[in-house]
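As stored in my_file12.cif (mmCIF, C-alpha atoms):
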data_upload
#
loop_
_atom_site.label_atom_id
_atom_site.label_comp_id
_atom_site.auth_asym_id
_atom_site.auth_seq_id
_atom_site.Cartn_x
_atom_site.Cartn_y
_atom_site.Cartn_z
CA MET R 1 -21.93 -20.71 -6.54
CA PRO R 2 -21.90 -17.91 -3.95
CA SER R 3 -25.31 -16.68 -2.82
CA THR R 4 -26.79 -13.43 -4.09
CA ALA R 5 -26.67 -11.99 -0.58
CA TYR R 6 -22.95 -12.71 -0.42
CA LEU R 7 -22.39 -11.07 -3.83
CA ALA R 8 -24.41 -8.02 -2.75
CA ALA R 9 -22.34 -7.73 0.42
CA VAL R 10 -19.15 -7.88 -1.65
CA LEU R 11 -20.42 -5.11 -3.93
CA ALA R 12 -21.33 -2.92 -0.94
CA ILE R 13 -17.92 -3.46 0.66
CA VAL R 14 -16.05 -2.75 -2.55
CA PHE R 15 -18.03 0.44 -3.12
CA ALA R 16 -17.76 1.77 0.42
CA ILE R 17 -14.06 1.17 0.94
CA THR R 18 -12.93 2.30 -2.52
CA PHE R 19 -15.01 5.48 -2.31
CA ALA R 20 -13.83 6.24 1.22
CA LEU R 21 -10.18 5.79 0.22
CA ARG R 22 -10.65 8.25 -2.61
CA ALA R 23 -12.79 10.78 -0.73
CA VAL R 24 -11.38 11.00 2.79
CA PRO R 25 -7.96 12.38 1.76
CA PHE R 26 -9.57 15.44 0.22
CA ALA R 27 -10.97 16.20 3.66
CA VAL R 28 -7.71 15.69 5.51
CA LEU R 29 -5.43 16.92 2.77
CA ARG R 30 -3.57 19.44 4.87
CA THR R 31 -2.42 16.93 7.45
CA LEU R 32 -1.46 14.39 4.80
CA ARG R 33 0.53 16.72 2.65
CA THR R 34 3.02 17.63 5.35
CA SER R 35 3.38 14.11 6.67
CA ALA R 36 6.78 12.67 5.82
CA ILE R 37 5.53 9.16 6.41
CA VAL R 38 2.69 9.53 3.91
CA GLN R 39 5.01 10.98 1.30
CA ARG R 40 7.50 8.17 1.73
CA LEU R 41 4.84 5.48 1.60
CA ALA R 42 3.46 7.05 -1.59
CA VAL R 43 6.81 6.47 -3.24
CA TRP R 44 7.70 3.15 -1.68
CA MET R 45 4.43 1.28 -1.94
CA PRO R 46 3.54 0.97 -5.66
CA VAL R 47 6.46 -1.12 -6.92
CA GLY R 48 6.25 -3.45 -3.94
CA ILE R 49 2.48 -3.86 -4.05
CA LEU R 50 2.60 -4.60 -7.77
CA GLY R 51 5.39 -7.11 -7.26
CA ILE R 52 3.38 -8.85 -4.55
CA LEU R 53 0.32 -8.90 -6.81
CA ALA R 54 2.40 -10.37 -9.64
CA VAL R 55 3.80 -13.14 -7.44
CA THR R 56 0.46 -14.05 -5.85
CA ALA R 57 -1.27 -14.02 -9.25
CA LEU R 58 1.45 -16.36 -10.57
CA HIS R 59 1.00 -18.54 -7.49
CA GLY R 60 -2.74 -18.63 -8.18
CA ALA R 61 -2.21 -19.67 -11.80
CA VAL R 62 0.22 -22.39 -10.74
CA ALA R 63 -2.12 -23.63 -8.00
CA ALA R 64 -4.96 -23.92 -10.54
CA GLU R 65 -2.83 -25.95 -12.99
CA PRO R 66 0.05 -27.53 -11.04
CA HIS R 67 1.38 -29.42 -14.06
CA ALA R 68 1.70 -26.12 -15.94
CA THR R 69 4.19 -24.51 -13.54
CA LEU R 70 6.92 -24.50 -16.16
CA TYR R 71 4.59 -22.98 -18.77
CA ALA R 72 3.58 -20.24 -16.34
CA LEU R 73 7.19 -19.33 -15.61
CA LEU R 74 7.96 -19.39 -19.32
CA ALA R 75 4.99 -17.14 -20.07
CA VAL R 76 6.09 -14.67 -17.38
CA ALA R 77 9.53 -14.54 -18.99
CA VAL R 78 7.97 -14.02 -22.44
CA THR R 79 5.72 -11.26 -21.06
CA ALA R 80 8.65 -9.44 -19.47
CA GLY R 81 10.86 -9.97 -22.52
CA VAL R 82 8.29 -8.67 -24.97
CA HIS R 83 7.54 -5.75 -22.71
CA LEU R 84 11.15 -4.63 -22.46
CA ALA R 85 11.94 -5.36 -26.12
CA SER R 86 8.84 -3.76 -27.65
CA GLY R 87 9.00 -0.39 -25.95
CA ARG R 88 6.74 -1.24 -23.01
CA ARG R 89 3.43 -1.63 -24.83
CA THR R 90 1.27 -3.09 -22.09
CA ILE R 91 -1.50 -4.50 -24.29
CA LEU R 92 1.00 -6.19 -26.59
CA SER R 93 3.08 -7.76 -23.83
CA VAL R 94 0.08 -8.93 -21.79
CA GLY R 95 -1.59 -10.23 -24.95
CA ILE R 96 1.43 -12.21 -26.17
CA GLY R 97 2.29 -13.53 -22.69
CA THR R 98 -1.28 -14.70 -22.09
CA ALA R 99 -1.52 -16.23 -25.57
CA VAL R 100 1.69 -18.20 -24.97
CA TYR R 101 0.33 -19.55 -21.70
CA VAL R 102 -3.11 -20.40 -23.10
CA VAL R 103 -1.59 -22.20 -26.09
CA LEU R 104 0.87 -24.18 -23.94
CA VAL R 105 -1.75 -25.19 -21.35
CA ASN R 106 -4.28 -26.27 -23.95
CA ALA R 107 -1.85 -27.94 -26.35
CA PHE R 108 0.11 -30.09 -23.89
CA MET Q 109 -0.79 2.28 -22.59
CA ALA Q 110 1.86 2.17 -19.93
CA ARG Q 111 4.19 3.91 -22.30
CA ILE Q 112 1.70 6.65 -22.94
CA LEU Q 113 1.06 7.15 -19.28
CA ARG Q 114 4.73 7.18 -18.52
CA ASP Q 115 5.04 10.08 -20.88
CA HIS Q 116 2.52 11.97 -18.81
CA ARG Q 117 5.17 12.53 -16.22
CA ARG Q 118 7.21 14.47 -18.69
CA VAL Q 119 4.18 16.46 -19.69
CA GLN Q 120 4.43 18.65 -16.62
CA THR Q 121 7.32 20.38 -18.26
CA ASP Q 122 7.30 19.36 -21.89
CA ILE Q 123 3.88 19.03 -23.36
CA SER Q 124 3.25 15.76 -25.13
CA PRO Q 125 1.05 15.97 -28.21
CA GLN Q 126 -0.93 12.89 -27.19
CA ILE Q 127 -2.48 14.53 -24.20
CA ALA Q 128 -2.22 18.25 -24.75
CA ALA Q 129 -5.35 18.35 -26.86
CA PRO Q 130 -6.59 20.19 -28.75
CA ALA Q 131 -3.59 22.26 -29.75
CA PRO Q 132 -0.66 23.33 -27.59
CA GLY Q 133 -1.22 26.69 -26.01
CA ARG Q 134 -4.87 26.96 -27.03
CA ALA Q 135 -7.18 25.96 -24.22
CA PRO Q 136 -10.70 24.78 -25.12
CA VAL Q 137 -13.01 27.72 -24.51
CA THR Q 138 -16.65 26.72 -24.80
CA ARG Q 139 -18.23 24.03 -22.69
CA ARG Q 140 -18.65 21.87 -25.77
CA GLN Q 141 -14.99 22.18 -26.70
CA GLN Q 142 -14.04 21.29 -23.15
CA ILE Q 143 -16.17 18.15 -23.22
CA ALA Q 144 -14.73 17.17 -26.61
CA ALA Q 145 -11.23 17.68 -25.24
CA GLY Q 146 -12.10 15.51 -22.23
CA VAL Q 147 -13.34 12.70 -24.44
CA ARG Q 148 -10.14 12.96 -26.46
CA ASP Q 149 -8.12 12.79 -23.22
CA SER Q 150 -9.82 9.51 -22.44
CA PHE Q 151 -8.67 7.72 -25.62
CA SER Q 152 -5.19 6.83 -24.40
CA ALA Q 153 -6.60 5.46 -21.15
CA GLY Q 154 -9.35 3.64 -23.04
CA LEU Q 155 -6.78 1.57 -24.91
CA GLY Q 156 -5.95 -0.15 -21.66
CA ILE Q 157 -9.35 0.01 -19.98
CA PHE Q 158 -11.48 -1.59 -22.70
CA PRO Q 159 -9.46 -4.84 -23.10
CA LEU Q 160 -9.28 -5.19 -19.33
CA GLY Q 161 -13.07 -4.86 -19.21
CA ILE Q 162 -13.37 -7.71 -21.72
CA ALA Q 163 -11.04 -9.79 -19.57
CA LEU Q 164 -13.24 -9.11 -16.52
CA GLY Q 165 -16.37 -10.20 -18.39
CA LEU Q 166 -14.71 -13.42 -19.56
CA LEU Q 167 -13.24 -14.21 -16.15
CA VAL Q 168 -16.53 -13.75 -14.30
CA LEU Q 169 -18.30 -16.16 -16.66
CA GLN Q 170 -15.48 -18.69 -16.55
CA ALA Q 171 -15.43 -18.59 -12.76
CA GLY Q 172 -19.06 -19.71 -12.88
CA LEU Q 173 -20.39 -16.43 -11.50
CA PRO Q 174 -23.58 -14.76 -12.81
CA ALA Q 175 -23.18 -12.35 -15.72
CA TRP Q 176 -24.91 -9.48 -13.90
CA LEU Q 177 -21.96 -9.37 -11.55
CA VAL Q 178 -19.82 -7.83 -14.33
CA PRO Q 179 -21.71 -4.53 -14.74
CA ALA Q 180 -22.52 -4.57 -11.01
CA LEU Q 181 -18.82 -4.79 -10.14
CA SER Q 182 -17.72 -2.19 -12.65
CA LEU Q 183 -20.33 0.25 -11.31
CA SER Q 184 -20.05 -0.44 -7.58
CA ALA Q 185 -16.40 0.47 -7.80
CA PHE Q 186 -14.44 1.74 -10.74
CA ALA Q 187 -11.13 0.01 -9.99
CA GLY Q 188 -9.90 -2.44 -12.61
CA SER Q 189 -7.15 -4.64 -11.28
CA LEU Q 190 -8.93 -4.94 -7.94
CA GLU Q 191 -12.06 -6.26 -9.65
CA LEU Q 192 -10.06 -8.80 -11.65
CA LEU Q 193 -8.48 -9.89 -8.39
CA LEU Q 194 -11.86 -10.14 -6.66
CA VAL Q 195 -13.30 -12.56 -9.22
CA GLY Q 196 -11.21 -15.43 -7.88
CA MET Q 197 -11.87 -14.50 -4.26
CA VAL Q 198 -15.62 -14.19 -4.80
CA ALA Q 199 -15.79 -17.48 -6.71
CA GLY Q 200 -14.13 -19.15 -3.74
CA THR Q 201 -16.54 -17.42 -1.29
CA THR Q 202 -13.66 -15.80 0.58
CA PRO Q 203 -14.80 -14.37 3.95
CA LEU Q 204 -16.08 -10.80 3.66
CA ALA Q 205 -13.54 -9.51 6.17
CA ALA Q 206 -10.67 -10.79 4.03
CA ILE Q 207 -12.26 -9.16 0.97
CA ALA Q 208 -12.66 -5.87 2.81
CA LEU Q 209 -9.03 -5.87 3.90
CA THR Q 210 -7.85 -6.75 0.40
CA VAL Q 211 -9.85 -3.85 -1.05
CA LEU Q 212 -8.43 -1.56 1.61
CA VAL Q 213 -4.81 -2.51 1.02
CA VAL Q 214 -4.90 -2.84 -2.76
CA ASN Q 215 -6.70 0.47 -3.29
CA PHE Q 216 -4.86 2.30 -0.54
CA ARG Q 217 -2.70 4.11 -3.07
CA HIS Q 218 -5.69 6.29 -4.04
CA VAL Q 219 -5.19 8.09 -0.74
CA PHE Q 220 -2.23 9.84 -2.30
CA TYR Q 221 -4.01 11.12 -5.38
CA ALA Q 222 -5.81 13.90 -3.52
CA PHE Q 223 -2.54 15.82 -3.47
CA SER Q 224 -2.88 17.04 -7.02
CA PHE Q 225 -6.19 15.86 -8.43
CA PRO Q 226 -7.96 19.03 -9.66
CA LEU Q 227 -11.25 18.37 -7.86
CA HIS Q 228 -11.68 22.09 -7.16
CA LEU Q 229 -12.53 22.58 -10.85
CA VAL Q 230 -15.77 20.64 -10.40
CA ARG Q 231 -18.42 22.87 -8.83
CA ASN Q 232 -21.59 20.81 -8.63
CA ARG Q 233 -21.78 18.64 -5.49
CA LEU Q 234 -23.06 15.55 -7.27
CA ALA Q 235 -20.50 15.94 -10.03
CA LYS Q 236 -17.82 16.33 -7.38
CA ALA Q 237 -18.89 13.08 -5.75
CA TYR Q 238 -18.80 11.32 -9.13
CA SER Q 239 -15.37 12.74 -9.87
CA VAL Q 240 -14.03 11.34 -6.60
CA TYR Q 241 -15.74 7.99 -7.18
CA ALA Q 242 -14.23 7.78 -10.69
CA MET Q 243 -10.73 8.89 -9.66
CA ILE Q 244 -8.94 5.96 -11.24
CA ASP Q 245 -5.22 5.89 -11.86
CA GLU Q 246 -5.64 6.97 -15.47
CA ALA Q 247 -7.93 9.87 -14.57
CA TYR Q 248 -5.39 11.02 -12.05
CA ALA Q 249 -2.45 10.69 -14.42
CA VAL Q 250 -4.18 12.45 -17.31
CA SER Q 251 -5.61 15.33 -15.31
CA ALA Q 252 -2.52 15.94 -13.21
CA SER Q 253 -0.42 16.17 -16.35
CA LEU Q 254 -2.54 18.79 -18.11
CA PRO Q 255 -1.31 22.38 -17.91
CA GLU Q 256 -3.32 24.38 -15.38
CA ALA Q 257 -4.80 26.68 -18.04
CA GLU Q 258 -6.20 23.82 -20.10
CA ARG Q 259 -7.97 22.07 -17.25
CA SER Q 260 -11.65 22.50 -16.58
CA GLY Q 261 -14.45 20.76 -14.73
CA PRO Q 262 -16.40 19.66 -17.83
CA ARG Q 263 -13.23 18.35 -19.44
CA LEU Q 264 -12.32 16.34 -16.37
CA LEU Q 265 -15.81 14.89 -15.98
CA ALA Q 266 -16.10 14.05 -19.68
CA MET Q 267 -12.82 12.16 -19.49
CA GLN Q 268 -13.93 10.22 -16.40
CA LEU Q 269 -17.38 9.39 -17.79
CA ALA Q 270 -15.88 8.23 -21.08
CA SER Q 271 -13.34 6.07 -19.24
CA GLN Q 272 -16.03 4.38 -17.19
CA SER Q 273 -18.09 3.73 -20.31
CA TYR Q 274 -15.07 1.87 -21.78
CA TRP Q 275 -14.82 -0.18 -18.60
CA VAL Q 276 -18.51 -1.10 -18.39
CA GLY Q 277 -18.73 -1.57 -22.18
CA GLY Q 278 -15.66 -3.81 -22.20
CA GLY Q 279 -17.23 -5.95 -19.50
CA LEU Q 280 -20.42 -6.38 -21.52
CA VAL Q 281 -18.44 -7.29 -24.64
CA GLY Q 282 -16.54 -9.81 -22.53
CA ILE Q 283 -19.83 -11.42 -21.47
CA ALA Q 284 -20.95 -11.60 -25.10
CA ILE Q 285 -17.66 -13.24 -26.11
CA GLY Q 286 -17.91 -15.64 -23.18
CA TRP Q 287 -21.43 -16.68 -24.18
CA ALA Q 288 -20.39 -17.12 -27.81
CA LEU Q 289 -17.48 -19.39 -26.94
CA PRO Q 290 -18.30 -23.11 -27.17
CA ALA Q 291 -16.13 -23.99 -24.16
CA PRO Q 292 -14.21 -21.89 -21.64
CA ILE Q 293 -10.65 -21.12 -22.63
CA LYS Q 294 -8.29 -22.65 -20.13
CA GLY Q 295 -5.52 -20.42 -18.82
CA LEU Q 296 -7.09 -17.06 -19.60
CA GLU Q 297 -6.71 -15.96 -15.99
CA PHE Q 298 -2.99 -15.74 -16.68
CA ALA Q 299 -3.71 -12.27 -18.14
CA LEU Q 300 -3.86 -10.90 -14.62
CA CYS Q 301 -0.45 -12.33 -13.79
CA ALA Q 302 0.97 -10.93 -17.04
CA LEU Q 303 -0.57 -7.53 -16.33
CA PHE Q 304 0.93 -7.30 -12.85
CA THR Q 305 4.30 -8.45 -14.17
CA VAL Q 306 4.28 -5.67 -16.74
CA LEU Q 307 3.12 -3.07 -14.22
CA THR Q 308 5.86 -4.10 -11.81
CA LEU Q 309 8.44 -3.64 -14.56
CA ASP Q 310 7.03 -0.19 -15.29
CA ALA Q 311 6.97 0.75 -11.62
CA PHE Q 312 10.62 -0.12 -11.22
CA ARG Q 313 12.24 3.10 -12.26
CA SER Q 314 15.54 3.45 -10.47
CA ARG Q 315 17.89 1.97 -7.92
CA ASP Q 316 15.90 3.78 -5.23
CA ASP Q 317 13.20 1.15 -5.75
CA ILE Q 318 15.44 -1.80 -4.85
CA PRO Q 319 14.74 -1.70 -1.07
CA SER Q 320 10.99 -1.76 -1.71
CA VAL Q 321 11.34 -4.72 -4.06
CA VAL Q 322 13.47 -6.61 -1.54
CA LEU Q 323 11.01 -5.95 1.29
CA ALA Q 324 8.08 -6.94 -0.94
CA GLY Q 325 9.89 -10.12 -1.98
CA ALA Q 326 10.53 -11.04 1.64
CA SER Q 327 6.89 -10.32 2.54
CA VAL Q 328 5.39 -12.40 -0.23
CA THR Q 329 7.78 -15.32 0.31
CA LEU Q 330 6.98 -15.42 4.02
CA ALA Q 331 3.26 -15.08 3.30
CA LEU Q 332 3.25 -17.92 0.78
CA VAL Q 333 5.04 -20.19 3.26
CA LEU Q 334 3.04 -19.23 6.36
CA THR Q 335 -0.47 -18.53 5.01
CA PRO Q 336 -0.76 -19.86 1.45
CA SER Q 337 -4.56 -19.50 1.36
CA VAL Q 338 -4.53 -15.76 2.15
CA ALA Q 339 -1.06 -15.02 0.84
CA LEU Q 340 -1.90 -11.71 -0.79
CA PHE Q 341 -3.43 -10.27 2.31
CA THR Q 342 -0.62 -11.38 4.62
CA ALA Q 343 2.01 -10.20 2.17
CA LEU Q 344 0.49 -6.72 1.86
CA LEU Q 345 0.22 -6.34 5.64
CA LEU Q 346 3.81 -7.53 6.14
CA PHE Q 347 4.98 -5.18 3.42
CA VAL Q 348 3.29 -2.14 4.96
CA ALA Q 349 4.70 -3.08 8.37
CA LEU Q 350 8.21 -3.38 6.92
CA LEU Q 351 7.86 -0.02 5.17
CA LEU Q 352 6.77 1.60 8.44
CA ALA Q 353 9.84 0.10 10.11
CA ARG Q 354 11.98 1.43 7.27
CA HIS Q 355 10.46 4.85 7.76
CA ALA Q 356 11.14 4.70 11.50
CA ILE Q 357 14.78 3.82 10.86
CA ILE Q 358 15.26 6.63 8.38
CA ALA Q 359 13.45 9.09 10.63
CA ARG Q 360 15.69 8.20 13.56
CA ARG Q 361 18.79 8.56 11.42
CA THR Q 362 17.57 11.96 10.23
CA THR Q 363 16.88 13.10 13.79
CA ARG Q 364 20.36 12.11 14.84
CA ARG Q 365 21.80 14.07 11.98
CA ALA Q 366 19.60 17.03 12.83
CA ALA Q 367 22.29 18.29 15.19
CA ARG Q 368 23.71 19.77 12.05
CA PRO Q 369 21.25 22.20 10.42
CA THR Q 370 19.48 21.78 7.05
CA THR Q 371 19.82 18.02 6.70
CA GLY Q 372 16.37 16.68 7.51
CA GLY Q 373 14.20 18.11 4.78
CA SER Q 374 16.62 17.64 1.96
CA THR Q 375 17.18 13.99 2.77
CA THR Q 376 13.49 13.29 2.37
CA GLY Q 377 13.26 15.23 -0.84
CA GLY Q 378 16.25 13.48 -2.30
CA SER Q 379 15.13 9.99 -1.52
CA THR Q 380 11.56 10.49 -2.67
CA THR Q 381 11.86 12.49 -5.83
CA GLY Q 382 15.52 12.19 -6.76
CA GLY Q 383 16.22 11.29 -10.34
CA SER Q 384 12.63 10.63 -11.28
CA THR Q 385 11.55 14.07 -12.42
CA THR Q 386 12.93 14.98 -15.75
CA GLY Q 387 11.93 18.58 -15.82
CA GLY Q 388 13.75 20.19 -12.93
CA PRO Q 389 12.08 22.79 -10.73
CA THR Q 390 8.34 23.18 -11.19
CA THR Q 391 6.49 24.96 -8.43
CA GLY Q 392 8.71 24.19 -5.49
CA GLY Q 393 8.11 23.22 -1.88
CA GLY Q 394 6.15 20.40 -0.32
CA LEU Q 395 3.46 20.52 -2.96
CA THR Q 396 5.89 19.47 -5.66
CA ALA Q 397 7.13 16.61 -3.57
CA GLY Q 398 3.60 15.48 -2.91
CA ARG Q 399 2.55 15.83 -6.49
CA ASP Q 400 5.59 14.02 -7.78
CA SER Q 401 5.24 11.11 -5.43
CA ALA Q 402 1.56 10.83 -6.19
CA ALA Q 403 2.31 11.06 -9.89
CA ARG Q 404 4.85 8.28 -9.60
CA CYS Q 405 2.26 6.31 -7.75
CA ALA Q 406 -0.28 6.83 -10.50
CA VAL Q 407 2.06 6.16 -13.34
CA ARG Q 408 3.18 3.00 -11.68
CA GLU Q 409 -0.20 1.39 -11.63
CA THR Q 410 -1.21 2.44 -15.02
CA ALA Q 411 -3.57 -0.18 -16.23
CA ASP Q 412 -5.73 -0.25 -13.15
CA ALA Q 413 -8.99 0.95 -14.47
#
Before anything else, please render the file you have as structure tokens.
Amino acid sequence: MPSTAYLAAVLAIVFAITFALRAVPFAVLRTLRTSAIVQRLAVWMPVGILGILAVTALHGAVAAEPHATLYALLAVAVTAGVHLASGRRTILSVGIGTAVYVVLVNAF
Amino acid sequence: MARILRDHRRVQTDISPQIAAPAPGRAPVTRRQQIAAGVRDSFSAGLGIFPLGIALGLLVLQAGLPAWLVPALSLSAFAGSLELLLVGMVAGTTPLAAIALTVLVVNFRHVFYAFSFPLHLVRNRLAKAYSVYAMIDEAYAVSASLPEAERSGPRLLAMQLASQSYWVGGGLVGIAIGWALPAPIKGLEFALCALFTVLTLDAFRSRDDIPSVVLAGASVTLALVLTPSVALFTALLLFVALLLARHAIIARRTTRRAARPTTGGSTTGGSTTGGSTTGGPTTGGGLTAGRDSAARCAVRETADA
């Protein structure tokens, strides 16, 4: 288990960087607002970052249970299917997708 | 949750009943009414925040980390998906520098929220600091979508405080559930993967997003092959680098075209906001572009508490 000092350092880092990211732009708002590069990145980044997070999270799940690769892929498909079919209700799709994976991993 | 937040975008022009509390056209007058309205604003966000908090509590226990880390994490930073992501990294004692860079890149989107977050409504310095600290995606989306006349400092703060109480409370409930369970449930961490899958689907709004998806796909593939142990970090850096290159290419193309007048600005506007706003003209100028892009940004990462 990680040491308490390590955990405290993580907490301090998470606080400082997250707060700075939220606070600094208010101070430099004028420069940011007119910057074409910032405006483009604001539009371009989210879908890509989320996609990367989804893939690396899937990779993490597969790495933890290598024999369950097929179940993980199936659960991703179920999650996406439910989400698109049920009117994009996040809690429902995440809940059903996770339940499918948990059941498959524990049952087989 | 995502659906509700997606509707917020439309709210700028057509007021949705879910958010435009208490009644359309009648702004809360007294301080008490404003606070009540703020708490009501928080309900839609709470639907997503509370279950995620439970997931965080369960994950921390299952990763073998101490229970106190759950409230400590949800207070040190109010940023849901990041904290879920950190659990695995912390359990594996990932180097602090890698954690710092992950926090920086994953939360970088908050930089864009300052464009239209109504911080000026909050007068007190301490309250202002709290409001910035608690500027989660949901807080941004809800406040930016309220009509100007219905916004107020107390309402904003009440919404943010309520949202954080759902997050911390969910975490504590998660710990209680984790302690009550006879054995850890295998495979629960898949919730994070499912959440990001859903959020990616919601973020993909039009054909304009295809280049970003392609660049992100290339980044993550390369990262998984080259640096599988720190794939997320490498992928995010590669992705940002590719986007900067894309910007440079577009900028050069625009400059070349600038021989003819009136091309530059409109190209940017078209590619950033085109097709995504339903309402047509709002306030005009750069502010609208900034607000819209930031709003897209917020709506895209809805469930990040």
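Atom CA of Val214 of chain Q lies 26.7 Å from atom CA of Ala99 of chain R.
Of the listed residues (Q:Ala299, Q:Leu289, Q:Leu309, Q:Val338), Q:Ala299 comes nearest to Ala61 of chain R; the distances count all atoms listed in the file.
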Each residue of chain R lying at most 7 Å from chain Q should get a row with its shortest atom-to-atom pair and the distance in Å to one decimal, counting only C-alpha atoms; could you produce that, ordered by chain and increasing number, as CSV?
residue,atom,partner,partner_atom,distance
R:Met1,CA,Q:Leu173,CA,6.7
R:Pro2,CA,Q:Thr201,CA,6.0
R:Val10,CA,Q:Leu204,CA,6.8
R:Leu11,CA,Q:Ser184,CA,5.9
R:Ile13,CA,Q:Ala208,CA,6.2
R:Val14,CA,Q:Ala185,CA,6.2
R:Phe15,CA,Q:Ala185,CA,5.0
R:Ile17,CA,Q:Leu212,CA,6.3
R:Thr18,CA,Q:Asn215,CA,6.5
R:Phe19,CA,Q:Tyr241,CA,5.5
R:Leu21,CA,Q:Val219,CA,5.6
R:Arg22,CA,Q:His218,CA,5.5
R:Ala23,CA,Q:Val240,CA,6.0
R:Pro25,CA,Q:Val219,CA,5.7
R:Phe26,CA,Q:Ala222,CA,5.5
R:Leu29,CA,Q:Phe223,CA,7.0
R:Arg33,CA,Q:Gly398,CA,6.5
R:Ile37,CA,Q:His355,CA,6.7
R:Gln39,CA,Q:Gly398,CA,6.3
R:Arg40,CA,Q:Thr380,CA,6.4
R:Ala42,CA,Q:Ser401,CA,5.9
R:Val43,CA,Q:Ser401,CA,5.4
R:Trp44,CA,Q:Ser320,CA,5.9
R:Pro46,CA,Q:Cys405,CA,5.9
R:Val47,CA,Q:Ala311,CA,5.1
R:Gly48,CA,Q:Ala324,CA,5.0
R:Ile49,CA,Q:Leu344,CA,6.9
R:Leu50,CA,Q:Thr308,CA,5.2
R:Gly51,CA,Q:Thr308,CA,5.5
R:Ile52,CA,Q:Val328,CA,5.9
R:Leu53,CA,Q:Phe304,CA,6.3
R:Ala54,CA,Q:Phe304,CA,4.7
R:Thr56,CA,Q:Leu340,CA,6.1
R:Ala57,CA,Q:Cys301,CA,4.9
R:Leu58,CA,Q:Cys301,CA,5.5
R:Ala61,CA,Q:Phe298,CA,6.3
R:Val76,CA,Q:Ala302,CA,6.3
R:Thr79,CA,Q:Ala302,CA,6.2
R:Ala80,CA,Q:Val306,CA,6.4
R:His83,CA,Q:Val306,CA,6.8
R:Arg88,CA,Q:Arg111,CA,5.8
R:Arg89,CA,Q:Arg111,CA,6.1
R:Thr90,CA,Q:Ala110,CA,5.7
R:Ile91,CA,Q:Gly156,CA,6.8
R:Val94,CA,Q:Ala302,CA,5.2
R:Gly97,CA,Q:Ala302,CA,6.4
R:Thr98,CA,Q:Ala299,CA,5.2
R:Tyr101,CA,Q:Gly295,CA,6.6
R:Val102,CA,Q:Gly295,CA,4.9
R:Val105,CA,Q:Gly295,CA,6.6
R:Asn106,CA,Q:Lys294,CA,6.6
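Between atom CA of Leu280 of chain Q and atom CA of Pro262 of chain Q the separation is 26.6 Å.
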Could you tell me how far atom CA of Ala284 of chain Q lies from atom CA of Leu166 of chain Q, in Å and to one decimal? 8.5 Å
